[in-house]
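Structure data follow from model.txt (compact mmCIF, C-alpha atoms):
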# COMPACT_ATOMS: atom_id res chain seq x y z
CA MET A 1 34.74 34.00 -10.31
CA ASN A 2 34.34 33.00 -13.95
CA ALA A 3 30.55 33.17 -14.07
CA GLU A 4 29.16 36.14 -12.19
CA LEU A 5 25.68 37.29 -11.25
CA ALA A 6 24.76 40.49 -12.99
CA ASP A 7 24.19 43.40 -10.61
CA ASP A 8 20.89 45.17 -11.26
CA THR A 9 21.97 48.32 -9.39
CA ALA A 10 23.41 51.47 -10.95
CA GLY A 11 27.07 51.29 -11.81
CA SER A 12 26.97 47.62 -12.73
CA GLY A 13 27.74 48.51 -16.33
CA LYS A 14 24.59 46.75 -17.51
CA ALA A 15 21.85 49.01 -18.84
CA SER A 16 18.32 48.42 -17.64
CA ALA A 17 15.72 47.29 -20.16
CA SER A 18 13.97 50.14 -21.93
CA PRO A 19 10.25 50.18 -22.74
CA ILE A 20 11.21 49.43 -26.35
CA ASP A 21 12.93 46.22 -25.24
CA ALA A 22 10.03 45.08 -23.08
CA ALA A 23 7.66 43.98 -25.87
CA PRO A 24 10.06 41.57 -27.64
CA ARG A 25 11.09 40.09 -24.27
CA LEU A 26 7.45 39.45 -23.31
CA SER A 27 6.77 37.81 -26.66
CA SER A 28 9.88 35.65 -26.24
CA ARG A 29 8.75 34.56 -22.76
CA ASP A 30 5.30 33.61 -24.02
CA GLN A 31 6.88 31.58 -26.79
CA LEU A 32 9.18 29.92 -24.25
CA ILE A 33 6.26 28.82 -22.07
CA ARG A 34 4.39 27.43 -25.07
CA ARG A 35 7.42 25.39 -26.12
CA LEU A 36 7.89 24.10 -22.58
CA ALA A 37 4.23 23.08 -22.30
CA VAL A 38 4.44 21.02 -25.49
CA ALA A 39 7.69 19.30 -24.48
CA SER A 40 6.64 18.66 -20.88
CA GLN A 41 3.18 17.30 -21.66
CA ALA A 42 4.80 14.91 -24.13
CA GLY A 43 7.14 13.76 -21.36
CA TYR A 44 10.30 15.10 -23.03
CA MET A 45 12.19 16.33 -19.96
CA SER A 46 15.49 16.63 -21.84
CA ALA A 47 13.86 18.87 -24.47
CA SER A 48 12.37 21.08 -21.75
CA LEU A 49 15.73 21.47 -19.99
CA ALA A 50 17.48 22.20 -23.29
CA VAL A 51 14.99 25.03 -23.92
CA LEU A 52 15.52 26.43 -20.40
CA SER A 53 19.30 26.17 -20.68
CA ASP A 54 19.25 28.11 -23.93
CA TYR A 55 16.98 30.74 -22.32
CA VAL A 56 19.37 31.40 -19.44
CA GLY A 57 22.52 31.02 -21.53
CA ALA A 58 23.75 27.73 -20.05
CA SER A 59 25.72 25.25 -22.13
CA TYR A 60 25.00 22.12 -20.05
CA TYR A 61 22.27 21.07 -17.62
CA LEU A 62 21.78 18.38 -14.99
CA LEU A 63 18.58 17.84 -13.03
CA ALA A 64 18.97 15.63 -9.95
CA ARG A 65 16.61 14.36 -7.25
CA TYR A 66 18.03 14.98 -3.80
CA ASP A 67 15.93 12.19 -2.25
CA LEU A 68 17.80 9.62 -4.37
CA VAL A 69 21.41 10.81 -4.12
CA GLN A 70 22.17 8.48 -1.20
CA GLU A 71 21.31 5.40 -3.25
CA HIS A 72 23.77 3.43 -5.37
CA GLY A 73 24.14 4.23 -9.04
CA LEU A 74 22.99 7.28 -10.94
CA ASP A 75 19.24 6.90 -10.42
CA PHE A 76 19.20 10.38 -8.88
CA VAL A 77 19.73 11.92 -12.34
CA VAL A 78 16.41 12.93 -13.89
CA SER A 79 17.91 14.31 -17.08
CA SER A 80 21.33 15.59 -18.12
CA ASN A 81 23.58 16.35 -21.06
CA TRP A 82 26.71 16.27 -18.89
CA SER A 83 29.24 13.56 -19.69
CA PHE A 84 28.82 10.31 -17.76
CA ASP A 85 32.29 10.61 -16.17
CA LEU A 86 31.56 14.13 -14.94
CA VAL A 87 28.27 13.09 -13.35
CA ARG A 88 29.92 10.07 -11.72
CA ARG A 89 32.74 12.27 -10.39
CA LEU A 90 30.30 14.72 -8.84
CA GLU A 91 27.90 12.14 -7.37
CA SER A 92 29.51 11.90 -3.91
CA GLU A 93 29.94 15.66 -3.64
CA ILE A 94 26.27 16.29 -4.38
CA ALA A 95 25.28 13.82 -1.65
CA ALA A 96 27.79 15.27 0.84
CA THR A 97 26.68 18.87 0.22
CA TYR A 98 23.03 17.97 0.70
CA SER A 99 23.61 15.93 3.86
CA ARG A 100 25.57 18.79 5.49
CA SER A 101 22.64 21.19 5.11
CA THR A 102 20.01 21.56 7.82
CA GLU A 103 16.33 21.29 6.93
CA LEU A 104 15.95 25.06 7.40
CA GLU A 105 18.89 25.75 5.08
CA LYS A 106 17.37 23.42 2.48
CA CYS A 107 14.06 25.28 2.62
CA LEU A 108 15.69 28.72 2.43
CA SER A 109 17.85 27.69 -0.53
CA VAL A 110 14.88 27.07 -2.84
CA LEU A 111 15.28 29.13 -6.06
CA GLN A 112 18.39 30.85 -4.66
CA PRO A 113 21.33 30.53 -7.09
CA LYS A 114 24.37 28.92 -5.45
CA PHE A 115 27.81 28.35 -6.90
CA GLY A 116 30.31 25.54 -6.60
CA LEU A 117 33.52 24.45 -8.27
CA LEU A 118 33.94 21.20 -10.14
CA PRO A 119 36.86 19.08 -8.86
CA ASP A 120 40.26 19.79 -10.42
CA ASP A 121 40.41 16.28 -11.85
CA ALA A 122 36.97 16.54 -13.49
CA ASP A 123 37.01 16.54 -17.27
CA VAL A 124 35.27 19.77 -18.29
CA PRO A 125 34.38 20.52 -21.94
CA PRO A 126 36.64 23.12 -23.64
CA GLY A 127 35.63 26.72 -22.97
CA ILE A 128 33.33 25.78 -20.07
CA SER A 129 33.89 27.24 -16.62
CA ARG A 130 34.63 24.91 -13.71
CA GLN A 131 32.19 26.94 -11.68
CA TYR A 132 28.63 25.61 -11.81
CA CYS A 133 25.39 27.23 -10.73
CA SER A 134 22.89 25.20 -8.70
CA LEU A 135 19.22 25.93 -8.05
CA THR A 136 17.07 23.96 -5.61
CA VAL A 137 13.56 23.34 -6.90
CA CYS A 138 10.61 21.75 -5.06
CA VAL A 139 7.87 19.80 -6.83
CA GLY A 140 5.38 18.67 -4.22
CA ARG A 141 7.47 16.96 -1.55
CA THR A 142 10.30 16.19 -3.92
CA ARG A 143 13.42 18.37 -3.84
CA LEU A 144 15.51 18.65 -6.97
CA ALA A 145 18.71 20.40 -7.95
CA LEU A 146 19.13 22.04 -11.34
CA MET A 147 22.85 22.35 -12.03
CA LEU A 148 24.03 24.49 -14.94
CA LEU A 149 27.40 24.91 -16.64
CA PHE A 150 28.25 28.11 -18.50
CA GLU A 151 30.98 29.33 -20.78
CA GLU A 152 33.91 31.05 -19.09
CA ASP A 153 33.33 34.72 -18.15
CA PHE A 154 29.61 34.46 -18.86
CA VAL A 155 27.58 37.00 -16.83
CA LEU A 156 24.49 35.47 -15.22
CA SER A 157 21.15 37.14 -14.58
CA PRO A 158 19.65 36.39 -11.13
CA GLU A 159 16.17 37.13 -12.49
CA LEU A 160 16.52 34.67 -15.36
CA LEU A 161 18.00 32.01 -13.08
CA ARG A 162 15.01 32.21 -10.72
CA GLU A 163 12.62 32.11 -13.68
CA VAL A 164 14.35 28.99 -14.98
CA GLY A 165 14.08 27.37 -11.53
CA VAL A 166 10.34 27.99 -11.40
CA LEU A 167 9.84 26.77 -14.96
CA ALA A 168 11.96 23.66 -14.33
CA GLY A 169 9.61 22.76 -11.47
CA TYR A 170 6.65 23.34 -13.79
CA CYS A 171 8.17 21.00 -16.40
CA VAL A 172 8.91 18.27 -13.86
CA SER A 173 5.37 18.51 -12.52
CA LEU A 174 3.85 18.08 -15.99
CA SER A 175 6.25 15.31 -16.98
CA THR A 176 5.64 13.44 -13.74
CA ARG A 177 1.88 13.45 -14.25
CA LYS A 178 2.20 12.42 -17.88
CA ALA A 179 5.05 9.95 -18.10
CA GLN A 180 6.77 9.04 -14.85
CA LYS A 181 4.18 6.98 -13.01
CA SER A 182 5.43 3.54 -12.00
CA ASP A 183 3.58 0.50 -13.30
CA ARG A 184 3.11 -0.57 -9.70
CA ASP A 185 1.01 2.54 -8.96
CA PHE A 186 -1.95 0.91 -10.66
CA GLU A 187 -1.72 -2.23 -8.53
CA LEU A 188 -2.51 -0.35 -5.33
CA THR A 189 -6.16 -0.16 -4.33
CA GLU A 190 -7.79 3.01 -3.04
CA ARG A 191 -7.69 1.66 0.53
CA GLU A 192 -4.01 0.80 0.20
CA LEU A 193 -3.26 4.29 -1.09
CA GLU A 194 -5.19 5.76 1.84
CA CYS A 195 -3.16 3.73 4.31
CA LEU A 196 0.05 4.72 2.53
CA PHE A 197 -0.91 8.37 2.79
CA TRP A 198 -1.61 8.14 6.52
CA ILE A 199 1.58 6.26 7.41
CA ALA A 200 3.46 8.94 5.44
CA GLU A 201 1.75 11.43 7.77
CA GLY A 202 3.22 9.55 10.74
CA LYS A 203 0.02 7.83 11.88
CA THR A 204 0.06 4.45 13.67
CA SER A 205 -2.11 1.52 12.67
CA ASP A 206 -4.48 2.28 15.58
CA GLU A 207 -4.80 5.92 14.51
CA ILE A 208 -5.40 4.98 10.87
CA ALA A 209 -8.02 2.44 11.97
CA THR A 210 -9.84 5.19 13.87
CA ILE A 211 -9.64 7.59 10.92
CA LEU A 212 -10.91 5.07 8.36
CA GLY A 213 -13.34 3.33 10.69
CA ILE A 214 -11.98 -0.18 10.20
CA SER A 215 -10.06 -2.60 12.43
CA ARG A 216 -6.37 -2.40 13.26
CA ASN A 217 -5.79 -5.88 11.80
CA THR A 218 -7.34 -4.83 8.51
CA ILE A 219 -5.07 -1.77 8.40
CA ASN A 220 -2.02 -3.95 8.99
CA ASN A 221 -3.14 -6.25 6.19
CA TYR A 222 -3.43 -3.29 3.82
CA ILE A 223 0.03 -2.04 4.81
CA THR A 224 1.53 -5.51 4.37
CA SER A 225 -0.04 -5.66 0.92
CA VAL A 226 1.41 -2.24 0.05
CA MET A 227 4.91 -3.34 1.06
CA ARG A 228 4.58 -6.56 -0.94
CA LYS A 229 3.45 -4.72 -4.09
CA THR A 230 6.12 -2.02 -3.79
CA ALA A 231 8.89 -4.51 -2.90
CA THR A 232 9.65 -2.68 0.35
CA LYS A 233 10.45 -4.22 3.73
CA THR A 234 9.55 -1.48 6.22
CA ARG A 235 7.07 1.36 6.52
CA SER A 236 9.89 3.85 6.05
CA GLU A 237 10.87 2.22 2.77
CA ALA A 238 7.23 2.25 1.67
CA ILE A 239 7.02 5.97 2.46
CA ALA A 240 10.21 6.64 0.48
CA TYR A 241 8.78 4.68 -2.44
CA ALA A 242 5.54 6.68 -2.25
CA VAL A 243 7.42 10.01 -2.26
CA ARG A 244 9.62 9.01 -5.21
CA ASN A 245 6.59 7.95 -7.24
CA ASN A 246 4.37 10.88 -6.23
CA LEU A 247 1.78 8.71 -4.52
CA VAL A 248 1.52 10.93 -1.44
Let's see the structure in the file written out as C-alpha cells.
Amino acid sequence: MNAELADDTAGSGKASASPIDAAPRLSSRDQLIRRLAVASQAGYMSASLAVLSDYVGASYYLLARYDLVQEHGLDFVVSSNWSFDLVRRLESEIAATYSRSTELEKCLSVLQPKFGLLPDDADVPPGISRQYCSLTVCVGRTRLALMLLFEEDFVLSPELLREVGVLAGYCVSLSTRKAQKSDRDFELTERELECLFWIAEGKTSDEIATILGISRNTINNYITSVMRKTATKTRSEAIAYAVRNNLV
C-alpha cells in the first residue's frame, strides 16, 4: 500500500507529540479554522478544500455529492482540482461503489477513511499514488465524499483525516448557506415550502391537510405549484430537488 495510515501504538516508529509540540499545533489549528471560516463564508469552496488538503498533506482533492452521482454529466462534483479526464474515468466507479453499499454501511462509513485504487488506465500526475483515500461526510441530509490523492509512500494520519472530514462538512455547510441557494428557492411561498417538507417526510395529501388545517384540494394545488416552479414531474423528483437545494 503506497499511502498508509500511521499507527498510533507503540512500535509504529512514529513518536508521539510531546508537550512542547502541543502549543504550536494548537496555534496552527486555530489559524486553520480562521482561514476556513473566511473562505467558506465567502463561498470559496475550492479555497477551503485547498487549505484542508494542505493540512492533511494531500496533493489533490475532489468533493462529490453522492445523491447526484447517478445523474448524467459531472454535476455531482462540488469542487475538485483533479484533471477532467480522471474525474470522468472515475465517475462510474464512484456510482457503482455507492450503489453496492447498504444504508447501514453508508451510515457507519461516515468519517471513516477508506482506500481505493484508481484504474490502471487512469492518467495519474507524476509522483502521485494510484491509491486514493475517501471520507464520507454528511451535511444535513446530504452525503458527500471527499476523495484525496497523496504522493507515493506518504504516511497518513487517521486523526488528521477525521479532522479534515469534519471541517469539510463545516465548510460545505457555510458555503451552502452563503452561496449555493438556487434562484428558484425564492419563488416558493411559505405554504409551498411547508407542503414540500411534509411530502419529504412521507405524508399524503390528506395527512398534510390535517396537519396544516386546510383542504386536500388546496394541498394538491400547492404541490402542483411546487412541481411547476422546480421543473419536476413527480413528488419524488420534487423531494430530490428539495434535498439537493437544502430546502428540507
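In this structure, atom CA of Phe150 of chain A sits 4.8 Å away from atom CA of Ala58 of chain A.
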Open item on the list: Given only C-alpha atoms as the basis, pick out the residue of A:Arg141, A:Arg35, A:Arg130, A:Arg100 nearest to Asn245 of chain A.
Closed with: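 Answer, going by the shortest atom-to-atom distance: A:Arg141.
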Task: Residue nearest Leu144 of chain A among A:Arg162, A:Arg34, A:Arg65, A:Lys106 (counting only C-alpha atoms) - done: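 Looking only at the distances to Leu144 of chain A, the closest residue turns out to be A:Arg65.
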TODO: State, in Å with one decimal place, the distance from atom CA of Leu32 of chain A to atom CA of Ile128 of chain A.
DONE: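 Atom CA of Ile128 of chain A lies at a distance of 24.9 Å from atom CA of Leu32 of chain A.
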Task: Pick from A:Tyr60, A:Met227, A:Glu190, A:Ser236 nearest to Gly202 of chain A, counting only C-alpha atoms - done: A:Ser236
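Nearest residue to Phe197 of chain A, choosing from A:Leu247, A:Val166, A:Met45, A:Val87 and counting only C-alpha atoms: A:Leu247.
In this model, the gap between atom CA of Ala238 of chain A and atom CA of Gly140 of chain A comes to 17.5 Å.
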Open item on the list: My list of candidates is A:Leu148, A:Ile219, A:Val172, A:Leu90. Which is closest to Arg191 of chain A when distances are computed with all atoms listed in the file?
Closed with: A:Ile219
TODO: Would you list the contacts of Leu196 of chain A as a list in words, taking every protein, DNA or RNA residue within 8 Å and counting only C-alpha atoms, but skipping same-chain residues closer than 3 positions in sequence?
DONE: Glu192, Leu193, Ile199, Ala200, Ile223, Val226, Ala238, Ile239, Ala242 and Val248 of chain A
Open item on the list: With all atoms listed in the file as the counted atoms, please give the residues lying no more than 8 Å from Leu63 of chain A, apart from itself and same-chain residues fewer than 4 positions off, as a PyMOL selection string.
Closed with: chain A and resi 77-80+144-147
